[in-house]
$ cat input-v6.cif   # mmCIF, C-alpha atoms
data_query
loop_
_atom_site.label_atom_id
_atom_site.label_comp_id
_atom_site.auth_asym_id
_atom_site.auth_seq_id
_atom_site.Cartn_x
_atom_site.Cartn_y
_atom_site.Cartn_z
CA MET Z 963 2.67 -2.28 -20.97
CA LEU Z 964 -0.14 -3.68 -18.84
CA LEU Z 965 -2.96 -1.74 -17.21
CA ALA Z 966 -4.15 -3.40 -13.98
CA ILE Z 967 -7.35 -2.16 -12.31
CA ASP Z 968 -8.65 -3.15 -8.87
CA ILE Z 969 -12.24 -1.94 -8.32
CA GLY Z 970 -13.01 -1.86 -4.61
CA ASN Z 971 -16.03 -0.59 -2.72
CA THR Z 972 -14.30 2.63 -1.64
CA ASN Z 973 -11.46 3.12 -4.12
CA VAL Z 974 -10.39 2.06 -7.59
CA VAL Z 975 -6.65 1.43 -7.71
CA ALA Z 976 -5.01 1.33 -11.12
CA GLY Z 977 -1.42 0.59 -12.05
CA VAL Z 978 0.74 0.41 -15.16
CA PHE Z 979 3.30 -2.40 -15.44
CA GLU Z 980 6.19 -2.94 -17.77
CA GLY Z 981 6.89 -6.63 -17.35
CA PRO Z 982 6.63 -7.34 -13.60
CA THR Z 983 7.67 -3.77 -12.69
CA LEU Z 984 4.98 -1.39 -11.42
CA LEU Z 985 5.76 1.94 -13.09
CA SER Z 986 2.87 4.11 -11.87
CA HIS Z 987 -0.25 3.74 -9.78
CA TRP Z 988 -3.30 5.85 -8.92
CA ARG Z 989 -6.21 5.75 -6.49
CA LEU Z 990 -9.66 6.96 -7.58
CA ALA Z 991 -12.93 7.22 -5.68
CA THR Z 992 -15.37 4.42 -6.45
CA ASP Z 993 -18.52 5.95 -7.92
CA PRO Z 994 -21.05 3.65 -9.64
CA LYS Z 995 -22.69 6.74 -11.14
CA LYS Z 996 -19.64 7.63 -13.19
CA THR Z 997 -19.68 6.61 -16.84
CA ALA Z 998 -17.00 4.83 -18.85
CA ASP Z 999 -16.20 8.14 -20.52
CA GLU Z 1000 -15.70 9.90 -17.19
CA TYR Z 1001 -13.40 7.22 -15.84
CA GLY Z 1002 -11.60 7.19 -19.19
CA VAL Z 1003 -10.86 10.92 -18.94
CA LEU Z 1004 -9.55 10.44 -15.39
CA CYS Z 1005 -7.30 7.52 -16.29
CA LEU Z 1006 -5.92 9.15 -19.41
CA SER Z 1007 -5.22 12.40 -17.51
CA LEU Z 1008 -3.43 10.55 -14.71
CA MET Z 1009 -1.36 8.60 -17.22
CA ALA Z 1010 -0.38 11.76 -19.05
CA ARG Z 1011 0.61 13.43 -15.78
CA SER Z 1012 2.83 10.43 -15.00
CA GLY Z 1013 4.46 10.55 -18.40
CA ARG Z 1014 2.88 7.30 -19.62
CA VAL Z 1015 1.65 6.93 -23.20
CA PRO Z 1016 -1.81 5.32 -23.52
CA ASP Z 1017 -0.88 3.80 -26.89
CA HIS Z 1018 1.79 1.74 -25.13
CA ILE Z 1019 -0.87 -0.20 -23.20
CA THR Z 1020 -1.12 -3.60 -24.90
CA GLY Z 1021 -3.15 -5.50 -22.30
CA ALA Z 1022 -5.41 -4.96 -19.32
CA ILE Z 1023 -6.84 -6.93 -16.41
CA ILE Z 1024 -9.65 -6.00 -14.02
CA SER Z 1025 -10.60 -7.23 -10.56
CA SER Z 1026 -13.96 -5.96 -9.35
CA VAL Z 1027 -16.10 -6.38 -6.24
CA VAL Z 1028 -18.54 -3.74 -7.53
CA PRO Z 1029 -20.68 -5.42 -10.19
CA ALA Z 1030 -22.21 -2.11 -11.25
CA LEU Z 1031 -18.77 -0.86 -12.34
CA THR Z 1032 -17.33 -4.00 -13.92
CA GLU Z 1033 -18.88 -3.41 -17.34
CA THR Z 1034 -18.17 0.32 -17.04
CA PHE Z 1035 -14.44 -0.31 -16.75
CA GLU Z 1036 -14.45 -3.04 -19.40
CA SER Z 1037 -15.98 -0.50 -21.77
CA MET Z 1038 -13.58 2.23 -20.63
CA VAL Z 1039 -10.52 0.07 -21.28
CA ALA Z 1040 -11.80 -0.93 -24.73
CA THR Z 1041 -12.59 2.66 -25.71
CA SER Z 1042 -9.70 4.53 -24.11
CA PHE Z 1043 -6.90 1.97 -24.52
CA GLY Z 1044 -8.04 -0.12 -27.46
CA CYS Z 1045 -7.78 -3.54 -25.83
CA THR Z 1046 -10.16 -6.10 -24.36
CA PRO Z 1047 -9.43 -6.61 -20.66
CA ILE Z 1048 -9.32 -9.91 -18.80
CA THR Z 1049 -11.79 -9.83 -15.90
CA VAL Z 1050 -10.81 -11.91 -12.88
CA SER Z 1051 -13.14 -14.74 -11.84
CA SER Z 1052 -12.79 -18.03 -9.99
CA ASP Z 1053 -12.45 -19.72 -13.39
CA LEU Z 1054 -9.12 -18.00 -14.07
CA GLU Z 1055 -5.91 -19.98 -13.50
CA THR Z 1056 -4.59 -18.77 -10.14
CA GLY Z 1057 -2.06 -21.42 -9.17
CA LEU Z 1058 -4.24 -22.22 -6.15
CA THR Z 1059 -6.71 -24.99 -5.34
CA LEU Z 1060 -9.85 -23.22 -4.14
CA LYS Z 1061 -11.34 -25.11 -1.19
CA TYR Z 1062 -14.28 -22.71 -0.77
CA LEU Z 1063 -17.61 -24.57 -0.97
CA ASN Z 1064 -18.65 -22.24 -3.79
CA PRO Z 1065 -15.53 -20.67 -5.37
CA LYS Z 1066 -17.69 -18.15 -7.26
CA GLU Z 1067 -18.51 -16.51 -3.91
CA ILE Z 1068 -14.90 -15.54 -3.25
CA GLY Z 1069 -14.24 -11.86 -3.89
CA SER Z 1070 -11.90 -11.50 -6.84
CA ASP Z 1071 -9.59 -9.27 -4.79
CA ARG Z 1072 -9.16 -12.07 -2.25
CA VAL Z 1073 -8.25 -14.56 -4.98
CA VAL Z 1074 -5.78 -12.10 -6.52
CA ASN Z 1075 -4.13 -11.36 -3.17
CA ALA Z 1076 -3.80 -15.05 -2.31
CA ALA Z 1077 -2.35 -15.91 -5.72
CA ALA Z 1078 0.23 -13.12 -5.50
CA ALA Z 1079 1.25 -13.94 -1.94
CA TYR Z 1080 1.57 -17.66 -2.58
CA GLU Z 1081 3.60 -17.12 -5.75
CA LYS Z 1082 6.00 -14.87 -3.83
CA PHE Z 1083 6.40 -16.80 -0.58
CA ARG Z 1084 5.39 -20.45 -1.27
CA ARG Z 1085 4.54 -21.22 2.37
CA ASP Z 1086 1.62 -21.30 4.80
CA LEU Z 1087 0.10 -17.83 4.67
CA ILE Z 1088 -2.53 -15.58 6.15
CA ILE Z 1089 -3.22 -12.49 4.03
CA VAL Z 1090 -5.01 -9.57 5.69
CA ASP Z 1091 -6.43 -6.92 3.36
CA PHE Z 1092 -7.44 -3.68 5.07
CA GLY Z 1093 -10.05 -2.24 2.73
CA THR Z 1094 -13.72 -1.31 3.04
CA ALA Z 1095 -14.01 -4.72 4.65
CA THR Z 1096 -11.03 -6.36 6.32
CA THR Z 1097 -10.54 -9.81 4.84
CA PHE Z 1098 -8.36 -12.66 6.06
CA CYS Z 1099 -7.34 -15.40 3.62
CA ALA Z 1100 -5.70 -18.67 4.71
CA VAL Z 1101 -3.46 -20.44 2.20
CA SER Z 1102 -1.61 -23.70 2.85
CA GLY Z 1103 2.00 -24.36 1.95
CA THR Z 1104 0.77 -26.67 -0.81
CA GLY Z 1105 -1.30 -23.94 -2.47
CA ASP Z 1106 -4.75 -24.69 -1.08
CA TYR Z 1107 -6.95 -21.63 -0.61
CA LEU Z 1108 -8.61 -22.76 2.62
CA GLY Z 1109 -11.03 -19.87 3.14
CA GLY Z 1110 -10.97 -16.99 5.56
CA VAL Z 1111 -12.77 -14.27 7.46
CA ILE Z 1112 -14.62 -11.08 6.47
CA ALA Z 1113 -14.90 -8.35 9.11
CA PRO Z 1114 -16.14 -4.75 8.96
CA GLY Z 1115 -13.30 -2.49 7.90
CA LEU Z 1116 -11.78 0.11 10.18
CA GLY Z 1117 -13.34 2.93 8.16
CA ILE Z 1118 -16.80 1.33 8.32
CA SER Z 1119 -16.44 0.82 12.07
CA ALA Z 1120 -15.47 4.46 12.56
CA GLU Z 1121 -18.34 5.75 10.40
CA ALA Z 1122 -20.85 3.59 12.31
CA LEU Z 1123 -19.60 5.01 15.61
CA PHE Z 1124 -19.83 8.61 14.45
CA SER Z 1125 -23.24 8.22 12.81
CA ARG Z 1126 -24.86 6.45 15.77
CA ALA Z 1127 -23.39 8.52 18.63
CA ALA Z 1128 -24.59 12.11 18.40
CA LYS Z 1129 -21.95 13.58 20.71
CA LEU Z 1130 -18.97 11.92 19.02
CA SER Z 1131 -17.24 13.82 16.23
CA LYS Z 1132 -15.09 12.35 13.49
CA VAL Z 1133 -11.40 12.03 14.29
CA GLU Z 1134 -8.31 11.24 12.26
CA LEU Z 1135 -7.52 7.53 12.07
CA ALA Z 1136 -4.17 7.93 13.77
CA ARG Z 1137 -2.38 6.31 16.70
CA PRO Z 1138 -2.98 8.14 19.99
CA LYS Z 1139 -0.07 8.60 22.40
CA THR Z 1140 -1.64 6.42 25.09
CA VAL Z 1141 -4.28 3.70 25.34
CA ILE Z 1142 -6.04 5.66 28.08
CA GLY Z 1143 -7.42 8.66 26.24
CA THR Z 1144 -7.31 12.03 27.99
CA ASP Z 1145 -9.95 13.61 25.76
CA THR Z 1146 -12.76 12.40 23.52
CA ALA Z 1147 -10.71 12.39 20.32
CA SER Z 1148 -7.83 10.31 21.74
CA SER Z 1149 -10.31 7.97 23.45
CA ILE Z 1150 -11.99 7.28 20.11
CA GLN Z 1151 -8.62 6.82 18.38
CA SER Z 1152 -7.56 4.35 21.06
CA GLY Z 1153 -10.71 2.29 20.67
CA LEU Z 1154 -10.43 2.25 16.89
CA ILE Z 1155 -6.68 1.68 16.44
CA PHE Z 1156 -5.79 -0.49 19.43
CA GLY Z 1157 -9.16 -2.22 19.46
CA TYR Z 1158 -8.87 -3.10 15.79
CA ALA Z 1159 -5.31 -4.36 16.25
CA GLY Z 1160 -6.68 -6.66 18.95
CA LEU Z 1161 -9.36 -7.92 16.56
CA VAL Z 1162 -6.68 -8.72 13.97
CA ASP Z 1163 -4.41 -10.51 16.44
CA THR Z 1164 -7.25 -12.59 17.89
CA LEU Z 1165 -8.56 -13.68 14.50
CA ILE Z 1166 -5.08 -14.63 13.28
CA GLN Z 1167 -4.49 -16.61 16.48
CA ARG Z 1168 -7.74 -18.51 15.93
CA ILE Z 1169 -7.03 -19.11 12.22
CA GLU Z 1170 -3.59 -20.50 13.05
CA ALA Z 1171 -5.12 -22.76 15.72
CA GLU Z 1172 -7.49 -24.24 13.13
CA MET Z 1173 -4.69 -24.59 10.56
CA GLY Z 1174 -2.64 -26.38 13.22
CA HIS Z 1175 0.52 -24.29 12.87
CA ALA Z 1176 1.87 -20.77 12.67
CA SER Z 1177 1.73 -19.01 9.31
CA PHE Z 1178 3.48 -16.09 7.65
CA VAL Z 1179 1.12 -13.11 8.02
CA ILE Z 1180 1.02 -10.47 5.29
CA ALA Z 1181 -0.91 -7.19 5.35
CA THR Z 1182 -2.06 -5.14 2.39
CA GLY Z 1183 -4.66 -2.46 1.66
CA GLY Z 1184 -5.03 1.24 2.34
CA LEU Z 1185 -4.96 1.04 6.15
CA ALA Z 1186 -2.36 -1.71 6.46
CA GLN Z 1187 0.42 0.58 7.70
CA ILE Z 1188 -1.65 1.97 10.57
CA ILE Z 1189 -2.81 -1.36 11.96
CA ALA Z 1190 0.32 -3.36 11.20
CA ALA Z 1191 2.26 -1.04 13.48
CA GLU Z 1192 0.04 -2.13 16.41
CA ALA Z 1193 -0.92 -5.72 15.56
CA ARG Z 1194 1.71 -8.11 16.91
CA SER Z 1195 0.83 -10.88 14.48
CA ILE Z 1196 1.52 -9.06 11.18
CA GLN Z 1197 4.99 -9.86 9.90
CA HIS Z 1198 5.16 -8.23 6.49
CA ILE Z 1199 3.43 -5.48 4.50
CA GLU Z 1200 2.89 -5.66 0.73
CA PRO Z 1201 1.22 -2.36 -0.22
CA PHE Z 1202 0.69 -3.29 -3.89
CA LEU Z 1203 -0.15 -6.97 -3.45
CA THR Z 1204 -3.42 -6.79 -5.40
CA LEU Z 1205 -1.86 -5.02 -8.38
CA GLN Z 1206 1.03 -7.48 -8.34
CA GLY Z 1207 -1.47 -10.34 -8.30
CA LEU Z 1208 -3.30 -8.89 -11.28
CA GLU Z 1209 -0.06 -8.69 -13.23
CA LEU Z 1210 0.68 -12.32 -12.32
CA LEU Z 1211 -2.79 -13.55 -13.35
CA TYR Z 1212 -2.58 -11.63 -16.62
CA ARG Z 1213 0.70 -13.37 -17.47
CA ARG Z 1214 -0.83 -16.75 -16.61
CA ALA Z 1215 -3.99 -16.10 -18.63
CA SER Z 1216 -2.08 -14.77 -21.64
CA GLY Z 1217 0.39 -17.64 -21.65
CA THR Z 1218 3.44 -15.50 -20.89
CA TYR Z 1219 3.92 -16.85 -17.36
CA PRO Z 1220 7.25 -18.68 -16.95
CA THR Z 1221 6.79 -22.26 -15.73
CA HIS Z 1222 8.63 -23.61 -12.69
#
$ encode --input "input-v6.cif" --output "structure tokens"
Amino acid sequence: MLLAIDIGNTNVVAGVFEGPTLLSHWRLATDPKKTADEYGVLCLSLMARSGRVPDHITGAIISSVVPALTETFESMVATSFGCTPITVSSDLETGLTLKYLNPKEIGSDRVVNAAAAYEKFRRDLIIVDFGTATTFCAVSGTGDYLGGVIAPGLGISAEALFSRAAKLSKVELARPKTVIGTDTASSIQSGLIFGYAGLVDTLIQRIEAEMGHASFVIATGGLAQIIAAEARSIQHIEPFLTLQGLELLYRRASGTYPTH
């Protein structure tokens, strides 16, 4: 079995695969202060609760956008699961041609998402990942990673609003009944949800204009369901795209990937 770990700025998402099948997955809080031992205890406990046997893990792969935790998780995997993980970088075989001016600047999660989406759909794509930041990745039908957009995430936008406006209280990130809010909470929800959907639609429209054609638009990430319901441009949701991409890149790197 394979252990795939995606270290994001807000959450760490881990999954266990048997072949290409995702058997179990967990979401942990990202905390650079936690040690390898602490994360090891968490992962082993979650695996036990899911009925998975740690000794069955024969490989691991890590994607990280938090440099302070990369080595922590590499050490955790080695100690707790007895294997040396592959850590995703731009040097790894992705099946894509990276057109970024400096490929090393691309967040590993963006590369993983693009690789997974292109492998699955083999067409012109825009991948929108709703995480701490909201990222847009443009991929051509011939497998060129063209680049993309990085915008503040919905959660960051909400926190900035609440922290800078003394009279505004935190609200649930949920769809209000109407665009015109009838109280402060629904007014904030309208601005966040509908306003963010408008941001997504406008950026996708502009990306497609520069690409010169319409593309298949995929959403992933923790807040994908909320925004995809309001954004007219999103056509498909892949909730576990990053984990699936990690499994794909592990197979490629370990030489077990079937050739076309």
$ atom_distance --input "input-v6.cif" --atom1 "atom CA of Thr1140 of chain Z" --atom2 "atom CA of Phe1124 of chain Z"
21.2 Å
$ residues_around --input "input-v6.cif" --residues "segment 1090-1105 of chain Z" --least-positions-apart "4" --cutoff "6 Å" --atoms "all atoms listed in the file" --output "PyMOL selection string"
chain Z and resi 1058+1085-1086+1109-1115+1181-1183+1185-1186
$ write_last_selection --input "input-v6.cif" --atoms "C-alpha atoms" --output "compact mmCIF listing (two decimals), in the frame of the given file"
# COMPACT_ATOMS: atom_id res chain seq x y z
CA LEU Z 1058 -4.24 -22.22 -6.15
CA ARG Z 1085 4.54 -21.22 2.37
CA ASP Z 1086 1.62 -21.30 4.80
CA GLY Z 1109 -11.03 -19.87 3.14
CA GLY Z 1110 -10.97 -16.99 5.56
CA VAL Z 1111 -12.77 -14.27 7.46
CA ILE Z 1112 -14.62 -11.08 6.47
CA ALA Z 1113 -14.90 -8.35 9.11
CA PRO Z 1114 -16.14 -4.75 8.96
CA GLY Z 1115 -13.30 -2.49 7.90
CA ALA Z 1181 -0.91 -7.19 5.35
CA THR Z 1182 -2.06 -5.14 2.39
CA GLY Z 1183 -4.66 -2.46 1.66
CA LEU Z 1185 -4.96 1.04 6.15
CA ALA Z 1186 -2.36 -1.71 6.46
$ resolve_selection --input "input-v6.cif" --expression "the PyMOL selection byres ((chain Z and resi 977-989) around 7)" --output "list of chain:residue names"
Z:Met963, Z:Leu964, Z:Leu965, Z:Ala966, Z:Ile967, Z:Asn973, Z:Val974, Z:Val975, Z:Ala976, Z:Leu990, Z:Ala991, Z:Leu1205, Z:Glu1209
$ resolve_selection --input "input-v6.cif" --expression "the PyMOL selection byres ((chain Z and resi 1204) around 10)" --output "PyMOL selection string"
chain Z and resi 966-968+975+1025+1070-1079+1091+1182-1183+1200-1203+1205-1210
$ residues_around --input "input-v6.cif" --residues "segment 1002-1011 of chain Z" --least-positions-apart "4" --cutoff "7 Å" --atoms "all atoms listed in the file" --output "list in words"
Ala998, Val1015, Pro1016, Met1038 and Ser1042 of chain Z
$ closest_residue --input "input-v6.cif" --among "Z:Gly1153, Z:Val1133, Z:Ala1171, Z:Cys1045" --to "Glu1121 of chain Z" --atoms "only C-alpha atoms"
Z:Val1133
$ closest_residue --input "input-v6.cif" --among "Z:Ser1119, Z:Ile1199, Z:Leu1135, Z:Ile1089" --to "Leu1165 of chain Z" --atoms "all atoms listed in the file"
Z:Ile1089
$ atom_distance --input "input-v6.cif" --atom1 "atom CA of Glu1036 of chain Z" --atom2 "atom CA of Gly1117 of chain Z"
28.2 Å
$ resolve_selection --input "input-v6.cif" --expression "the PyMOL selection byres ((chain Z and resi 1163) around 12)" --output "list in words"
Ile1088, Val1090, Phe1098, Phe1156, Gly1157, Tyr1158, Ala1159, Gly1160, Leu1161, Val1162, Thr1164, Leu1165, Ile1166, Gln1167, Arg1168, Ile1169, Glu1170, Val1179, Ile1189, Ala1190, Ala1191, Glu1192, Ala1193, Arg1194, Ser1195, Ile1196 and Gln1197 of chain Z
$ axis_aligned_box --input "input-v6.cif" --around "segment 999-1013 of chain Z" --padding-each-side "6 Å" --output "JSON"
{"center_x": -5.9, "center_y": 10.3, "center_z": -17.6, "size_x": 32.7, "size_y": 18.2, "size_z": 17.8}
$ atom_distance --input "input-v6.cif" --atom1 "atom CA of Ile1068 of chain Z" --atom2 "atom CA of Val1027 of chain Z"
9.7 Å
$ closest_residue --input "input-v6.cif" --among "Z:Thr972, Z:Gly1057, Z:Ala1040, Z:Leu1031" --to "Glu1081 of chain Z" --atoms "all atoms listed in the file"
Z:Gly1057
$ closest_residue --input "input-v6.cif" --among "Z:Ser1149, Z:Thr1144, Z:Asp1017, Z:Glu1055" --to "Val1039 of chain Z" --atoms "all atoms listed in the file"
Z:Asp1017
$ residues_around --input "input-v6.cif" --residues "Glu1134 of chain Z" --least-positions-apart "6" --cutoff "10 Å" --atoms "only C-alpha atoms" --output "JSON, numbers by chain"
{"Z": [1120, 1147, 1148, 1150, 1151]}
$ residues_around --input "input-v6.cif" --residues "Ala1030 of chain Z" --least-positions-apart "3" --cutoff "8 Å" --atoms "all atoms listed in the file" --output "PyMOL selection string"
chain Z and resi 994+1033-1034
